[in-house]
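Visitor: Below is the structure I would like to discuss, written out as structure tokens.
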Amino acid sequence: MSHEEEKVKVIDARGSYCPGPLMELIRTVKQSNIGDIIEVWSSDGGSQRDIPKWTEKAGHEFLGVIHEKGYDRIRVRKTR
Amino acid sequence: MADKLAMVVFSGTVDKLLPVGIIASGGVAMGLDVEIFLTFWGLNAFRKDWVNRNTRFSKDYEDMAAMMMQVMKDKNVPSWFETLKKAKEIGNVRIHACAMTYDMLQMKKDDLVDIVDDVMAVGEFVDIAKDAKFTLFI
């Protein structure tokens, strides 16, 4: 990813079940500034589907998923 | 005006209250306003002195209640109450106590947890629910 130099807010929601990681993301996005990148760490399979859907619906930018061992790093940019 | 999701919560067992919290979370996540009407056992579940002690399960699944409660504890699944409270922090969730149950059980506002917004008569709730995209009876 090309955002390495930008500041990324990390939410470690590993071990939390649906809809926990999504709710944590929404809370953080609300408190962030436009342009901020937020990365959710989630071990819950539902997040991979829920988070892109929410991002699209809420009008933010979905930046992608990095798969790690046992969890995913899901990145979103706040755009509005 | 945001789309609405309405729920009538009649049940007071943990196995049915957890989906109430989770569906409310999904609702606010997707930008819906959530309107909840608590009646009978559903309202009883929101008593301050009972909300965190409640381990009751539906009769059908009673034999599995202890196992399920243990699984939820081991996996740190937040309680139905925590889940619903979080949903209310994130979006528009309004929780109404059924006036009939409230009066019948001689409740006072102070008996109920503070996420309950008001006491409402059924007619007023039905009037709200008629504009909802869908209404669930749980």
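Chain labels follow the order of the structure tokens: the first chain is A, the next B, and so on; residue numbering restarts at 1 in every chain, and ligands are counted from 1 in their shown order.
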With a distance cut-off of 7 Å and only C-alpha atoms, select the neighbouring residues of segment 32-48 of chain A, excluding the residue or stretch itself and same-chain residues fewer than 5 positions from it, and output the selection as a ChimeraX atom specification.

Guide: /A:7-18,21-22,25,70-80

Visitor: Could you turn the residues from that selection into a file that holds C-alpha atoms, as an mmCIF file, in the first residue's frame?

Guide:
data_model
loop_
_atom_site.group_PDB
_atom_site.id
_atom_site.type_symbol
_atom_site.label_atom_id
_atom_site.label_comp_id
_atom_site.auth_asym_id
_atom_site.auth_seq_id
_atom_site.Cartn_x
_atom_site.Cartn_y
_atom_site.Cartn_z
ATOM 1 C CA LYS A 7 -0.612 8.261 9.953
ATOM 2 C CA VAL A 8 -2.822 5.243 10.427
ATOM 3 C CA LYS A 9 -5.126 4.827 13.407
ATOM 4 C CA VAL A 10 -5.178 1.189 14.441
ATOM 5 C CA ILE A 11 -8.115 -0.430 16.190
ATOM 6 C CA ASP A 12 -7.268 -3.826 17.601
ATOM 7 C CA ALA A 13 -10.619 -5.624 17.620
ATOM 8 C CA ARG A 14 -9.186 -9.124 17.490
ATOM 9 C CA GLY A 15 -11.227 -11.589 19.497
ATOM 10 C CA SER A 16 -14.335 -9.434 19.142
ATOM 11 C CA TYR A 17 -17.328 -10.900 17.304
ATOM 12 C CA CYS A 18 -19.712 -9.434 14.748
ATOM 13 C CA PRO A 21 -15.209 -4.628 14.921
ATOM 14 C CA LEU A 22 -17.618 -2.699 12.686
ATOM 15 C CA LEU A 25 -14.697 1.321 13.314
ATOM 16 C CA GLY A 70 -5.339 -15.425 12.273
ATOM 17 C CA TYR A 71 -6.651 -11.935 11.535
ATOM 18 C CA ASP A 72 -7.146 -9.293 8.875
ATOM 19 C CA ARG A 73 -6.051 -5.673 8.729
ATOM 20 C CA ILE A 74 -8.860 -3.752 7.060
ATOM 21 C CA ARG A 75 -8.194 -0.183 5.943
ATOM 22 C CA VAL A 76 -10.649 2.634 5.398
ATOM 23 C CA ARG A 77 -10.151 6.328 4.640
ATOM 24 C CA LYS A 78 -12.609 8.842 6.014
ATOM 25 C CA THR A 79 -13.693 10.982 3.068
ATOM 26 C CA ARG A 80 -16.635 13.002 4.305
#

Visitor: Pick out each residue of chain B that DSSP on the backbone tags as alpha helix (DSSP H); I need them as an MDAnalysis selection string.

Guide: chainID B and resid 14:29 41:44 65:74 80:90 99:104 122:129

Visitor: Could you tell me which of B:Thr39, B:Met1, B:Val51, B:Asp111 comes closest to Phe125 of chain B if we count only C-alpha atoms?

Guide: B:Thr39

Visitor: Could you list, as a list in words, the residues of chain B having an atom within 8 Å of chain A when counting only C-alpha atoms?

Guide: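 Filtering chain B at 8 Å from chain A with only C-alpha atoms gives Ile22, Ser25, Gly26, Ala29, Met30, Gly31, Lys75, Asn76, Val77, Lys86, Ala87 and Ile90 of chain B.
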
Visitor: Dump C-alpha atoms for the selected residues as a compact mmCIF listing (two decimals), in the first residue's frame?

Guide:
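The file below, again.txt, is the result:
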# COMPACT_ATOMS: atom_id res chain seq x y z
CA ILE B 22 -27.06 -7.22 17.45
CA SER B 25 -26.26 -2.52 15.96
CA GLY B 26 -26.64 -3.57 12.33
CA ALA B 29 -24.41 0.81 11.31
CA MET B 30 -26.41 1.03 8.10
CA GLY B 31 -27.81 4.42 9.05
CA LYS B 75 -15.12 -15.88 24.05
CA ASN B 76 -15.70 -12.48 25.67
CA VAL B 77 -18.95 -11.93 23.81
CA LYS B 86 -23.13 0.50 22.24
CA ALA B 87 -25.63 0.63 19.38
CA ILE B 90 -23.40 5.08 17.82

Visitor: Run DSSP on the backbone and give me the residues of chain A it puts in strand (DSSP E), as a PyMOL selection string.

Guide: chain A and resi 8-12+37-42+61-68+71-77

Visitor: Take atom CA of Met104 of chain B and atom CA of Glu124 of chain B and report the distance between them in Å, one decimal.

Guide: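 Interatomic distance here is 18.4 Å.
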
Visitor: How many Å lie between atom CA of His96 of chain B and atom CA of Lys59 of chain B, rounded to one decimal?

Guide: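 Straight-line distance from atom CA of His96 of chain B to atom CA of Lys59 of chain B works out to 26.2 Å.
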
Visitor: For Leu32 of chain B, please output as a short mmCIF file (atom, residue, chain, number, x, y, z; two decimals) with C-alpha atoms, in the first residue's frame all residues within 6 Å (counting only C-alpha atoms; exclusion window: fewer than 2 positions along the same chain).

Guide:
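To be explicit, this is the file written out as out20.cif:
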data_model
loop_
_atom_site.label_atom_id
_atom_site.label_comp_id
_atom_site.auth_asym_id
_atom_site.auth_seq_id
_atom_site.Cartn_x
_atom_site.Cartn_y
_atom_site.Cartn_z
CA ALA B 2 -33.51 8.17 7.90
CA ASP B 3 -35.15 4.84 7.24
CA LYS B 4 -36.49 3.10 10.30
CA GLY B 27 -29.45 -1.06 11.96
CA VAL B 28 -27.51 1.93 13.23
CA MET B 30 -26.41 1.03 8.10
#

Visitor: Measuring between only C-alpha atoms, which one of B:Val9, B:Ile115, B:Ala66, B:Val34 shows the shortest distance to Ile128 of chain B?

Guide: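 Smallest distance to Ile128 of chain B is found for B:Val34.
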